[in-house]
>>> print(open('start-v7.txt').read())   # compact mmCIF, C-alpha atoms
# COMPACT_ATOMS: atom_id res chain seq x y z
CA MET C 1 60.92 249.07 101.86
CA ILE C 2 63.11 250.90 99.38
CA GLN C 3 63.62 248.64 96.43
CA ALA C 4 63.50 248.89 92.66
CA PRO C 5 64.21 246.69 89.66
CA ASP C 6 67.65 246.87 88.11
CA LEU C 7 67.13 248.99 85.01
CA PRO C 8 69.58 250.79 82.71
CA LEU C 9 69.95 254.49 83.42
CA TRP C 10 67.72 255.84 80.63
CA ALA C 11 64.90 253.47 81.56
CA ALA C 12 65.26 254.27 85.26
CA ILE C 13 65.01 258.00 84.59
CA ALA C 14 62.03 257.60 82.26
CA VAL C 15 60.18 255.22 84.61
CA GLY C 16 60.88 257.32 87.70
CA PHE C 17 59.81 260.54 86.03
CA LEU C 18 56.62 259.06 84.54
CA VAL C 19 55.59 257.37 87.80
CA LEU C 20 56.10 260.60 89.76
CA LEU C 21 54.24 262.63 87.14
CA GLY C 22 51.31 260.21 87.05
CA ALA C 23 51.06 260.09 90.84
CA SER C 24 51.19 263.90 91.11
CA ILE C 25 48.43 264.31 88.51
CA THR C 26 46.28 261.78 90.35
CA LEU C 27 46.90 263.62 93.63
CA ILE C 28 45.88 266.95 92.03
CA GLY C 29 42.71 265.26 90.82
CA ALA C 30 41.98 263.97 94.31
CA LEU C 31 42.71 267.42 95.80
CA GLY C 32 40.07 268.77 93.43
CA LEU C 33 37.59 266.54 95.26
CA LEU C 34 38.29 268.56 98.39
CA ARG C 35 38.71 272.05 97.01
CA LEU C 36 35.85 272.58 94.57
CA ARG C 37 32.52 273.91 95.73
CA ASN C 38 29.62 271.84 94.44
CA PHE C 39 29.09 268.31 93.21
CA TYR C 40 29.01 269.13 89.50
CA GLU C 41 32.39 270.86 89.80
CA ARG C 42 33.82 268.07 91.91
CA ILE C 43 32.94 265.42 89.34
CA HIS C 44 35.52 266.86 86.88
CA PRO C 45 38.88 266.45 88.71
CA PRO C 46 38.89 262.62 89.08
CA THR C 47 39.08 262.48 85.26
CA LEU C 48 42.63 263.81 85.64
CA GLY C 49 43.68 260.62 87.39
CA SER C 50 41.83 258.37 84.98
CA THR C 51 43.30 259.93 81.82
CA LEU C 52 46.80 261.32 82.15
CA GLY C 53 47.58 259.89 85.60
CA THR C 54 46.77 256.33 84.56
CA GLY C 55 48.42 256.91 81.18
CA CYS C 56 51.75 258.00 82.67
CA ILE C 57 51.94 255.13 85.16
CA LEU C 58 50.94 252.58 82.51
CA ILE C 59 53.61 253.82 80.09
CA ALA C 60 56.15 253.66 82.94
CA SER C 61 55.07 250.08 83.66
CA MET C 62 55.37 249.21 79.96
CA ILE C 63 58.91 250.61 79.76
CA CYS C 64 59.88 248.83 82.98
CA PHE C 65 58.61 245.37 82.04
CA SER C 66 59.76 245.64 78.42
CA THR C 67 63.35 246.36 79.48
CA LEU C 68 63.25 243.77 82.29
CA HIS C 69 62.09 240.95 80.03
CA SER C 70 63.90 242.41 76.97
CA ARG C 71 60.84 242.00 74.74
CA PRO C 72 57.92 244.35 74.20
CA MET C 73 55.22 243.79 76.84
CA VAL C 74 52.13 245.80 76.18
CA HIS C 75 49.47 244.08 78.27
CA GLU C 76 49.05 247.37 80.18
CA VAL C 77 47.19 248.62 77.10
CA LEU C 78 44.27 246.52 78.37
CA ILE C 79 43.98 248.60 81.54
CA ALA C 80 44.27 251.80 79.48
CA ILE C 81 41.46 250.78 77.11
CA PHE C 82 39.36 249.52 79.99
CA VAL C 83 39.73 252.70 82.05
CA THR C 84 39.11 254.97 79.03
CA LEU C 85 35.91 253.11 78.18
CA THR C 86 34.52 252.75 81.70
CA THR C 87 35.26 256.14 83.30
CA PRO C 88 32.87 258.07 81.03
CA ILE C 89 30.11 255.54 81.74
CA THR C 90 30.45 255.74 85.51
CA LEU C 91 30.74 259.55 85.55
CA MET C 92 27.80 259.97 83.18
CA LEU C 93 25.59 257.65 85.22
CA LEU C 94 26.63 259.30 88.48
CA ALA C 95 26.04 262.82 87.15
CA ARG C 96 22.65 261.82 85.80
CA ALA C 97 21.73 260.27 89.14
CA ALA C 98 22.77 263.50 90.89
CA LEU C 99 20.82 265.57 88.37
CA TYR C 100 17.77 263.39 88.87
CA ARG C 101 17.99 263.72 92.65
CA ASP C 102 18.48 267.48 92.46
CA ARG C 103 15.56 267.88 90.08
CA SER C 104 13.21 265.77 92.15
CA GLU C 105 14.09 267.91 95.16
CA GLY C 106 13.59 271.09 93.14
CA SER C 107 17.05 272.47 93.90
CA ALA C 108 18.06 275.81 92.41
CA GLY C 109 20.87 276.09 89.85
CA VAL C 110 19.98 272.86 88.09
CA PRO C 111 18.68 272.95 84.50
CA GLN C 112 15.17 271.68 83.99
CA ASP C 113 14.53 268.40 82.27
CA LEU C 114 15.22 268.47 78.55
CA GLU C 115 12.23 266.21 78.05
CA SER C 116 9.97 268.42 80.16
CA VAL C 117 7.20 267.97 77.57
CA SER C 118 6.55 264.41 78.66
CA ALA C 119 6.53 265.41 82.33
CA SER C 120 3.86 268.07 81.77
CA ASP C 121 1.86 265.62 79.65
CA ILE C 122 1.79 263.20 82.53
CA GLN C 123 0.53 265.92 84.83
CA GLN C 124 -2.09 267.01 82.35
CA PHE C 125 -3.54 263.63 81.59
CA ALA C 126 -3.18 262.00 84.96
CA PRO C 127 -6.68 261.36 86.31
CA ASP C 128 -7.38 263.03 89.60
CA GLN C 129 -7.30 260.67 92.48
CA PRO C 130 -10.58 260.71 94.34
CA MET F 1 32.35 235.44 55.74
CA LYS F 2 29.68 237.82 56.98
CA ARG F 3 27.65 234.89 58.35
CA LEU F 4 30.68 233.32 60.02
CA VAL F 5 32.04 236.48 61.67
CA PRO F 6 29.17 238.94 62.10
CA PHE F 7 31.22 241.40 64.18
CA PRO F 8 34.80 241.32 62.86
CA LEU F 9 36.01 244.30 64.95
CA LEU F 10 34.64 242.82 68.18
CA ALA F 11 36.16 239.42 67.37
CA LEU F 12 39.52 241.04 66.67
CA ALA F 13 39.40 243.02 69.94
CA LEU F 14 38.55 239.86 71.94
CA PHE F 15 41.37 237.95 70.24
CA VAL F 16 43.93 240.70 71.00
CA MET F 17 42.73 240.86 74.61
CA TRP F 18 43.07 237.09 75.03
CA VAL F 19 46.57 237.03 73.57
CA LEU F 20 47.71 240.00 75.68
CA LEU F 21 46.38 238.45 78.88
CA THR F 22 47.84 234.97 78.36
CA GLY F 23 51.06 235.63 76.48
CA PHE F 24 52.17 234.55 73.05
CA SER F 25 52.06 230.79 72.66
CA PRO F 26 50.59 228.80 69.73
CA GLY F 27 48.06 227.06 71.94
CA HIS F 28 46.71 230.29 73.37
CA ILE F 29 46.58 231.96 69.95
CA LEU F 30 44.43 229.07 68.70
CA LEU F 31 42.24 229.08 71.82
CA GLY F 32 41.93 232.88 71.65
CA ALA F 33 40.75 232.69 68.05
CA VAL F 34 38.11 230.10 68.93
CA VAL F 35 36.92 232.12 71.94
CA ALA F 36 36.81 235.34 69.88
CA LEU F 37 34.75 233.71 67.12
CA LEU F 38 32.29 232.07 69.52
CA VAL F 39 31.90 234.94 72.01
CA SER F 40 31.46 237.61 69.35
CA ARG F 41 28.40 235.66 68.14
CA VAL F 42 26.74 236.41 71.47
CA MET F 43 26.14 239.91 70.11
CA LEU F 44 23.77 238.37 67.53
CA THR F 45 21.15 237.75 70.21
CA LEU F 46 21.32 241.44 71.18
CA LYS F 47 20.36 242.34 67.58
CA ALA F 48 22.87 245.18 67.64
CA GLU F 49 23.34 247.13 64.47
CA PRO F 50 26.83 246.58 63.10
CA PRO F 51 28.71 249.91 63.14
CA ARG F 52 29.06 251.74 59.86
CA ILE F 53 32.57 253.11 60.08
CA ARG F 54 34.46 254.58 57.16
CA PHE F 55 38.15 253.85 57.68
CA SER F 56 40.13 256.90 56.70
CA MET F 57 42.67 259.36 57.99
CA ALA F 58 39.86 261.04 59.92
CA ILE F 59 40.10 258.34 62.64
CA VAL F 60 43.82 258.99 63.12
CA ARG F 61 43.25 262.75 63.09
CA LEU F 62 40.48 262.46 65.68
CA ALA F 63 42.61 260.24 67.93
CA MET F 64 45.52 262.68 67.79
CA LEU F 65 43.22 265.63 68.42
CA VAL F 66 41.57 263.96 71.42
CA LEU F 67 44.95 262.99 72.88
CA ALA F 68 46.28 266.55 72.55
CA ASP F 69 43.05 267.97 74.02
CA ILE F 70 43.16 265.57 76.98
CA ILE F 71 46.70 266.71 77.83
CA ARG F 72 45.79 270.38 77.39
CA SER F 73 42.63 270.21 79.49
CA ASN F 74 44.49 268.19 82.16
CA VAL F 75 46.75 271.19 82.58
CA ALA F 76 43.77 273.58 82.57
CA VAL F 77 41.83 271.63 85.21
CA ALA F 78 44.97 271.19 87.35
CA ARG F 79 45.43 274.97 87.27
CA ILE F 80 41.84 275.54 88.39
CA VAL F 81 42.18 273.01 91.23
CA LEU F 82 45.52 274.34 92.47
CA PHE F 83 45.12 278.10 92.07
CA ARG F 84 41.34 278.64 91.95
CA PRO F 85 41.37 281.65 89.56
CA ALA F 86 38.92 284.34 90.62
CA GLY F 87 36.84 284.55 87.44
CA GLN F 88 36.29 280.81 87.12
CA ARG F 89 32.68 279.66 87.12
CA SER F 90 31.07 276.45 85.99
CA GLY F 91 27.76 275.90 84.32
CA PHE F 92 25.59 273.87 82.02
CA ILE F 93 25.39 274.34 78.26
CA GLU F 94 22.90 272.91 75.79
CA PHE F 95 24.65 271.69 72.69
CA PRO F 96 22.54 271.27 69.53
CA THR F 97 24.04 268.23 67.86
CA GLU F 98 23.79 267.23 64.22
CA LEU F 99 24.79 263.62 64.85
CA ARG F 100 21.98 261.09 64.50
CA ASP F 101 23.85 257.77 64.51
CA PRO F 102 23.73 256.27 68.05
CA GLN F 103 27.29 254.99 67.79
CA ALA F 104 28.60 258.40 66.72
CA LEU F 105 26.77 259.94 69.67
CA ALA F 106 28.32 257.36 71.99
CA ALA F 107 31.77 258.20 70.63
CA LEU F 108 31.14 261.92 71.17
CA ALA F 109 29.91 261.19 74.73
CA ILE F 110 33.09 259.26 75.53
CA ILE F 111 35.30 261.98 74.05
CA ILE F 112 33.55 264.79 75.93
CA THR F 113 33.46 262.96 79.25
CA ALA F 114 37.01 261.61 79.00
CA THR F 115 38.31 265.14 78.48
CA PRO F 116 38.67 266.71 81.93
CA GLY F 117 36.59 269.84 82.37
CA THR F 118 33.59 268.78 80.32
CA LEU F 119 30.94 266.22 81.23
CA TRP F 120 28.16 264.80 79.07
CA LEU F 121 24.97 264.60 81.09
CA GLN F 122 21.96 263.94 78.94
CA HIS F 123 20.88 263.57 75.33
CA ASP F 124 17.43 264.54 74.16
CA ALA F 125 16.69 262.37 71.13
CA GLN F 126 13.63 264.37 70.09
CA ARG F 127 15.10 267.85 70.02
CA HIS F 128 18.70 266.68 69.44
CA LEU F 129 20.03 268.63 72.38
CA VAL F 130 22.85 267.50 74.62
CA LEU F 131 23.28 268.79 78.15
CA ILE F 132 26.95 269.32 78.97
CA HIS F 133 28.49 270.58 82.20
CA VAL F 134 31.61 272.71 81.77
CA LEU F 135 34.00 273.45 84.61
CA ASP F 136 35.47 276.62 83.13
CA LEU F 137 32.55 278.28 81.37
CA VAL F 138 33.61 281.58 79.85
CA ASP F 139 31.42 281.83 76.78
CA GLU F 140 28.70 279.35 75.97
CA ALA F 141 28.75 280.00 72.20
CA GLU F 142 32.50 279.52 72.12
CA TRP F 143 32.23 276.04 73.67
CA ILE F 144 29.46 275.01 71.27
CA ALA F 145 31.51 276.19 68.27
CA LEU F 146 34.57 274.39 69.65
CA ILE F 147 32.82 271.02 70.00
CA LYS F 148 31.12 271.45 66.61
CA THR F 149 34.25 272.25 64.62
CA ARG F 150 36.70 270.02 66.45
CA TYR F 151 34.88 266.75 67.06
CA GLU F 152 31.48 266.70 65.43
CA ARG F 153 32.74 267.33 61.90
CA LEU F 154 35.32 264.53 62.13
CA LEU F 155 32.78 262.16 63.69
CA MET F 156 30.36 262.83 60.82
CA GLU F 157 33.14 261.90 58.43
CA ILE F 158 33.90 258.66 60.28
CA PHE F 159 30.35 257.39 60.89
CA VAL F 160 28.47 257.36 57.60
CA MET T 1 72.86 254.86 91.41
CA SER T 2 70.03 254.62 88.92
CA THR T 3 68.39 251.95 91.07
CA LEU T 4 68.46 254.21 94.11
CA PHE T 5 66.94 257.07 92.11
CA LEU T 6 64.21 254.81 90.79
CA ALA T 7 63.51 253.40 94.26
CA LEU T 8 63.14 256.89 95.70
CA ALA T 9 60.91 258.04 92.82
CA ILE T 10 58.62 255.02 93.17
CA THR T 11 58.38 255.40 96.94
CA ALA T 12 57.56 259.11 96.55
CA ALA T 13 54.90 258.25 93.97
CA GLN T 14 53.40 255.71 96.37
CA ILE T 15 53.22 258.33 99.10
CA LEU T 16 51.52 260.76 96.70
CA LEU T 17 49.00 258.09 95.68
CA ALA T 18 48.35 257.30 99.35
CA PHE T 19 47.57 261.00 99.89
CA ALA T 20 45.22 260.87 96.90
CA MET T 21 43.47 257.89 98.51
CA GLY T 22 43.26 259.91 101.71
CA CYS T 23 41.56 262.80 99.90
CA ALA T 24 39.07 260.41 98.33
CA ALA T 25 38.43 258.74 101.69
CA PHE T 26 37.82 262.17 103.25
CA ARG T 27 35.20 262.87 100.57
CA ILE T 28 33.54 259.51 101.31
CA LEU T 29 33.35 260.26 105.04
CA ARG T 30 32.38 263.91 104.68
CA GLY T 31 29.71 263.63 102.03
CA PRO T 32 27.72 265.92 102.11
CA ARG T 33 25.38 263.95 99.85
CA ALA T 34 25.29 260.36 98.65
CA GLN T 35 26.56 261.18 95.16
CA ASP T 36 29.68 262.81 96.65
CA ARG T 37 30.41 259.61 98.56
CA VAL T 38 30.04 257.47 95.44
CA LEU T 39 32.34 259.84 93.53
CA GLY T 40 34.90 259.55 96.34
CA MET T 41 34.67 255.77 96.15
CA ASP T 42 35.33 255.85 92.41
CA ALA T 43 38.43 258.02 92.94
CA LEU T 44 39.55 255.71 95.76
CA TYR T 45 39.34 252.66 93.51
CA LEU T 46 41.30 254.44 90.78
CA ALA T 47 44.09 255.56 93.13
CA GLY T 48 44.22 252.06 94.61
CA MET T 49 44.60 250.57 91.15
CA LEU T 50 47.47 252.93 90.35
CA LEU T 51 49.12 252.15 93.71
CA LEU T 52 49.02 248.45 92.86
CA LEU T 53 50.63 249.20 89.47
CA THR T 54 53.49 251.05 91.17
CA TYR T 55 54.00 248.01 93.41
CA GLY T 56 54.19 245.95 90.24
CA ILE T 57 56.95 248.23 88.89
CA GLN T 58 58.75 248.14 92.23
CA THR T 59 58.89 244.37 92.55
CA GLY T 60 59.10 243.62 88.82
CA ARG T 61 56.34 241.03 89.04
CA THR T 62 53.41 240.90 86.64
CA LEU T 63 51.16 239.44 89.34
CA PHE T 64 50.18 242.95 90.45
CA PHE T 65 48.96 243.79 86.97
CA GLU T 66 46.17 241.24 87.23
CA GLY T 67 45.25 242.57 90.64
CA ALA T 68 45.03 246.08 89.20
CA LEU T 69 42.77 244.84 86.41
CA VAL T 70 40.46 243.17 88.94
CA ILE T 71 40.31 246.34 91.07
CA GLY T 72 39.47 248.37 87.96
CA LEU T 73 36.65 245.95 87.10
CA LEU T 74 35.26 245.95 90.64
CA GLY T 75 35.42 249.75 90.82
CA PHE T 76 33.49 250.06 87.58
CA ALA T 77 30.82 247.55 88.57
CA GLY T 78 30.47 249.01 92.07
CA THR T 79 30.15 252.61 90.94
CA VAL T 80 27.66 251.77 88.21
CA ALA T 81 25.54 249.77 90.65
CA LEU T 82 25.58 252.58 93.21
CA ALA T 83 24.76 255.25 90.61
CA LYS T 84 21.87 253.12 89.38
CA PHE T 85 20.72 252.73 92.96
CA LEU T 86 20.79 256.50 93.52
CA MET T 87 18.71 257.03 90.40
CA ARG T 88 16.09 254.31 90.79
CA GLY T 89 16.23 253.08 94.35
CA GLU T 90 17.12 249.56 93.22
CA VAL T 91 19.93 248.00 91.22
CA ILE T 92 18.21 245.34 89.12
CA GLU T 93 14.71 246.18 87.99
>>> encode(input="start-v7.txt", output="structure tokens")
Amino acid sequence: MIQAPDLPLWAAIAVGFLVLLGASITLIGALGLLRLRNFYERIHPPTLGSTLGTGCILIASMICFSTLHSRPMVHEVLIAIFVTLTTPITLMLLARAALYRDRSEGSAGVPQDLESVSASDIQQFAPDQP
Amino acid sequence: MKRLVPFPLLALALFVMWVLLTGFSPGHILLGAVVALLVSRVMLTLKAEPPRIRFSMAIVRLAMLVLADIIRSNVAVARIVLFRPAGQRSGFIEFPTELRDPQALAALAIIITATPGTLWLQHDAQRHLVLIHVLDLVDEAEWIALIKTRYERLLMEIFV
Amino acid sequence: MSTLFLALAITAAQILLAFAMGCAAFRILRGPRAQDRVLGMDALYLAGMLLLLTYGIQTGRTLFFEGALVIGLLGFAGTVALAKFLMRGEVIE
């Protein structure tokens, strides 16, 4: 299914280039999921797709729809804002969950809890179970 | 004015979102304004502190800086993924932050995590330490100085 | 001429995004641990959202935009719920 909207030449070149660039960046990010060694390294590459990859494709979409309807259409900004605000939250939560799991298993190569004071307090003051 | 619109920035954001999603027509602009005014009052029950932001050129400078850094670190992370340079190693750093305002810390967390190659993990509110994972860790002190001079100073200017 | 170029570029981009979804799906299947699978799911959602946007450009219809927004929302909610589950063992405490 080879089809495309009828755009003037400059818009076609810009849209085609940006879409290809965005897709390639997202693919590199996904390749990083396969190629890097441990979880904390692997959590970095998907950010490629969610920053520049999404940005390129959204700008391409903006150019395409603005020239098609011959008026500025910027509703793609919503997706951009949404993705920029949500990706850090998901990655942060996921990394903290992984850190928590690694710590509770006592894995090597993971920094100890920053709030280790409270943990030792609990151990100290916990009454011995009979 | 303050009683009527307790969170003007939130109301404005909701209004813009409504108009962008539904298209420009007088009816929807009116409806969007009503929705924005009513829904932004929901935040009152959360008892959230209104943000103390100083509007200045620092916001524009920070936005430009973050945009340039995102592009630059995209290239850096893509190089690591594709070519796997031999000396590359990742690790955790502990960043002593001077920011105390929760909203400024949230902004710093979003900036650091949205930039590929660095990830905000944990913030210790008692000792003011932030745990950050860096994909390409060459020198720990260099990263700390970088975050301090590039983002933290501007954020302290923006959030009073 | 320009339409043919654009059509080829969009189709190539869709193939690249499909490969990206394949990589993410491989990480979901392979693991090795639960957090890797959740990370793969997040990347899969993101690539799927971008694929839908390229379909929107291809057909020139804004319908796909709303679909992409919904996928983005679902991906966010799903990943947050799963991360919470990994941390606490339950989603709503």
>>> closest_residue(input="start-v7.txt", among="C:Ala95, C:Val110, C:Leu78, C:Leu31", to="T:Leu39", atoms="all atoms listed in the file")
C:Ala95
>>> axis_aligned_box(input="start-v7.txt", around="stretch 29-43 of chain F", padding_each_side="4 Å", output="lines of an AutoDock Vina configuration file")
center_x = 36.4
center_y = 234.5
center_z = 69.6
size_x = 28.4
size_y = 18.8
size_z = 12.9
>>> interface_residues(input="start-v7.txt", of="chain C", to="chain T", cutoff="8 Å", atoms="only C-alpha atoms", output="PyMOL selection string")
chain C and resi 2-9+12-13+15-17+19-20+23-24+26-31+33-34+39+43+46+49-50+54+57-58+61+64-65+68+76+79+83+86-87+89-90+93-94+96-98+100-101
>>> closest_residue(input="start-v7.txt", among="C:Asn38, C:Thr47, C:Thr67, C:Ser104", to="F:Ile112", atoms="all atoms listed in the file")
C:Thr47
>>> interface_residues(input="start-v7.txt", of="chain F", to="chain C", cutoff="8 Å", atoms="all atoms listed in the file", output="ChimeraX atom specification")
/F:17,20-21,70-71,74,77-78,81-82,90,92,109-110,113-122,124,129,133,135
>>> atom_distance(input="start-v7.txt", atom1="atom CA of F:Val39", atom2="atom CA of F:Val19")
14.9 Å
>>> atom_distance(input="start-v7.txt", atom1="atom CA of F:Arg52", atom2="atom CA of F:Leu154")
14.4 Å
>>> residues_around(input="start-v7.txt", residues="F:Val138", least_positions_apart="3", cutoff="12 Å", atoms="all atoms listed in the file", output="PDB file with C-alpha atoms, keeping the file's coordinate frame")
ATOM      1  CA  GLY F  87      36.840 284.550  87.440  1.00  0.00           C
ATOM      2  CA  GLN F  88      36.290 280.810  87.120  1.00  0.00           C
ATOM      3  CA  ARG F  89      32.680 279.660  87.120  1.00  0.00           C
ATOM      4  CA  SER F  90      31.070 276.450  85.990  1.00  0.00           C
ATOM      5  CA  GLY F  91      27.760 275.900  84.320  1.00  0.00           C
ATOM      6  CA  PHE F  92      25.590 273.870  82.020  1.00  0.00           C
ATOM      7  CA  ILE F  93      25.390 274.340  78.260  1.00  0.00           C
ATOM      8  CA  VAL F 134      31.610 272.710  81.770  1.00  0.00           C
ATOM      9  CA  LEU F 135      34.000 273.450  84.610  1.00  0.00           C
ATOM     10  CA  ALA F 141      28.750 280.000  72.200  1.00  0.00           C
ATOM     11  CA  GLU F 142      32.500 279.520  72.120  1.00  0.00           C
ATOM     12  CA  TRP F 143      32.230 276.040  73.670  1.00  0.00           C
ATOM     13  CA  ILE F 144      29.460 275.010  71.270  1.00  0.00           C
TER      14      ILE F 144
END
>>> closest_residue(input="start-v7.txt", among="F:Thr22, F:Ala13, F:Ile111, F:Leu30", to="chain T", atoms="all atoms listed in the file")
F:Thr22
>>> atom_distance(input="start-v7.txt", atom1="atom CA of F:Glu94", atom2="atom CA of T:Met41")
29.1 Å
>>> closest_residue(input="start-v7.txt", among="C:Arg71, C:Arg37, C:Phe82, C:Leu21", to="C:Cys56", atoms="all atoms listed in the file")
C:Leu21
>>> residues_around(input="start-v7.txt", residues="F:Ala11", least_positions_apart="6", cutoff="12 Å", atoms="all atoms listed in the file", output="PyMOL selection string")
chain F and resi 4-5+17-18+32-43
>>> closest_residue(input="start-v7.txt", among="F:Phe7, F:Gly23, F:Val16, F:Ala107", to="chain T", atoms="all atoms listed in the file")
F:Gly23
>>> build_atoms(input="start-v7.txt", residues="stretch 59-66 of chain T", atoms="all heavy atoms", output="PDB file, in the coordinates of the input")
ATOM      1  N   THR T  59      58.410 245.734  92.342  1.00  0.00           N
ATOM      2  CA  THR T  59      58.890 244.370  92.550  1.00  0.00           C
ATOM      3  C   THR T  59      59.224 243.679  91.236  1.00  0.00           C
ATOM      4  O   THR T  59      59.844 242.624  91.259  1.00  0.00           O
ATOM      5  CB  THR T  59      57.824 243.540  93.278  1.00  0.00           C
ATOM      6  OG1 THR T  59      56.607 243.642  92.545  1.00  0.00           O
ATOM      7  CG2 THR T  59      57.588 244.055  94.673  1.00  0.00           C
ATOM      8  N   GLY T  60      58.810 244.255  90.103  1.00  0.00           N
ATOM      9  CA  GLY T  60      59.100 243.620  88.820  1.00  0.00           C
ATOM     10  C   GLY T  60      58.305 242.360  88.587  1.00  0.00           C
ATOM     11  O   GLY T  60      58.702 241.512  87.798  1.00  0.00           O
ATOM     12  N   ARG T  61      57.155 242.223  89.250  1.00  0.00           N
ATOM     13  CA  ARG T  61      56.340 241.030  89.040  1.00  0.00           C
ATOM     14  C   ARG T  61      55.033 241.403  88.347  1.00  0.00           C
ATOM     15  O   ARG T  61      54.424 242.423  88.665  1.00  0.00           O
ATOM     16  CB  ARG T  61      56.035 240.348  90.378  1.00  0.00           C
ATOM     17  CG  ARG T  61      57.230 239.576  90.884  1.00  0.00           C
ATOM     18  CD  ARG T  61      56.837 238.633  91.964  1.00  0.00           C
ATOM     19  NE  ARG T  61      56.488 239.355  93.192  1.00  0.00           N
ATOM     20  CZ  ARG T  61      56.136 238.746  94.307  1.00  0.00           C
ATOM     21  NH1 ARG T  61      56.066 237.448  94.338  1.00  0.00           N
ATOM     22  NH2 ARG T  61      55.846 239.439  95.367  1.00  0.00           N
ATOM     23  N   THR T  62      54.611 240.578  87.397  1.00  0.00           N
ATOM     24  CA  THR T  62      53.410 240.900  86.640  1.00  0.00           C
ATOM     25  C   THR T  62      52.145 240.503  87.381  1.00  0.00           C
ATOM     26  O   THR T  62      51.040 240.790  86.926  1.00  0.00           O
ATOM     27  CB  THR T  62      53.418 240.199  85.272  1.00  0.00           C
ATOM     28  OG1 THR T  62      53.792 238.852  85.492  1.00  0.00           O
ATOM     29  CG2 THR T  62      54.377 240.865  84.327  1.00  0.00           C
ATOM     30  N   LEU T  63      52.318 239.874  88.561  1.00  0.00           N
ATOM     31  CA  LEU T  63      51.160 239.440  89.340  1.00  0.00           C
ATOM     32  C   LEU T  63      50.276 240.640  89.700  1.00  0.00           C
ATOM     33  O   LEU T  63      49.054 240.569  89.657  1.00  0.00           O
ATOM     34  CB  LEU T  63      51.665 238.751  90.604  1.00  0.00           C
ATOM     35  CG  LEU T  63      50.594 238.217  91.540  1.00  0.00           C
ATOM     36  CD1 LEU T  63      49.956 236.998  90.918  1.00  0.00           C
ATOM     37  CD2 LEU T  63      51.201 237.864  92.880  1.00  0.00           C
ATOM     38  N   PHE T  64      50.932 241.774  90.015  1.00  0.00           N
ATOM     39  CA  PHE T  64      50.180 242.950  90.450  1.00  0.00           C
ATOM     40  C   PHE T  64      49.304 243.510  89.336  1.00  0.00           C
ATOM     41  O   PHE T  64      48.299 244.149  89.608  1.00  0.00           O
ATOM     42  CB  PHE T  64      51.138 244.039  90.942  1.00  0.00           C
ATOM     43  CG  PHE T  64      51.773 243.710  92.241  1.00  0.00           C
ATOM     44  CD1 PHE T  64      53.037 243.170  92.296  1.00  0.00           C
ATOM     45  CD2 PHE T  64      51.093 243.931  93.425  1.00  0.00           C
ATOM     46  CE1 PHE T  64      53.615 242.862  93.497  1.00  0.00           C
ATOM     47  CE2 PHE T  64      51.660 243.623  94.633  1.00  0.00           C
ATOM     48  CZ  PHE T  64      52.938 243.077  94.672  1.00  0.00           C
ATOM     49  N   PHE T  65      49.738 243.282  88.093  1.00  0.00           N
ATOM     50  CA  PHE T  65      48.960 243.790  86.970  1.00  0.00           C
ATOM     51  C   PHE T  65      47.556 243.201  86.973  1.00  0.00           C
ATOM     52  O   PHE T  65      46.561 243.909  86.793  1.00  0.00           O
ATOM     53  CB  PHE T  65      49.690 243.458  85.665  1.00  0.00           C
ATOM     54  CG  PHE T  65      48.821 243.559  84.451  1.00  0.00           C
ATOM     55  CD1 PHE T  65      48.535 244.795  83.911  1.00  0.00           C
ATOM     56  CD2 PHE T  65      48.296 242.426  83.868  1.00  0.00           C
ATOM     57  CE1 PHE T  65      47.729 244.894  82.802  1.00  0.00           C
ATOM     58  CE2 PHE T  65      47.488 242.523  82.763  1.00  0.00           C
ATOM     59  CZ  PHE T  65      47.207 243.760  82.231  1.00  0.00           C
ATOM     60  N   GLU T  66      47.476 241.876  87.220  1.00  0.00           N
ATOM     61  CA  GLU T  66      46.170 241.240  87.230  1.00  0.00           C
ATOM     62  C   GLU T  66      45.313 241.749  88.383  1.00  0.00           C
ATOM     63  O   GLU T  66      44.106 241.953  88.240  1.00  0.00           O
ATOM     64  CB  GLU T  66      46.308 239.724  87.294  1.00  0.00           C
ATOM     65  CG  GLU T  66      46.438 239.108  85.919  1.00  0.00           C
ATOM     66  CD  GLU T  66      47.642 238.216  85.753  1.00  0.00           C
ATOM     67  OE1 GLU T  66      47.863 237.363  86.628  1.00  0.00           O
ATOM     68  OE2 GLU T  66      48.354 238.379  84.753  1.00  0.00           O
TER      69      GLU T  66
END
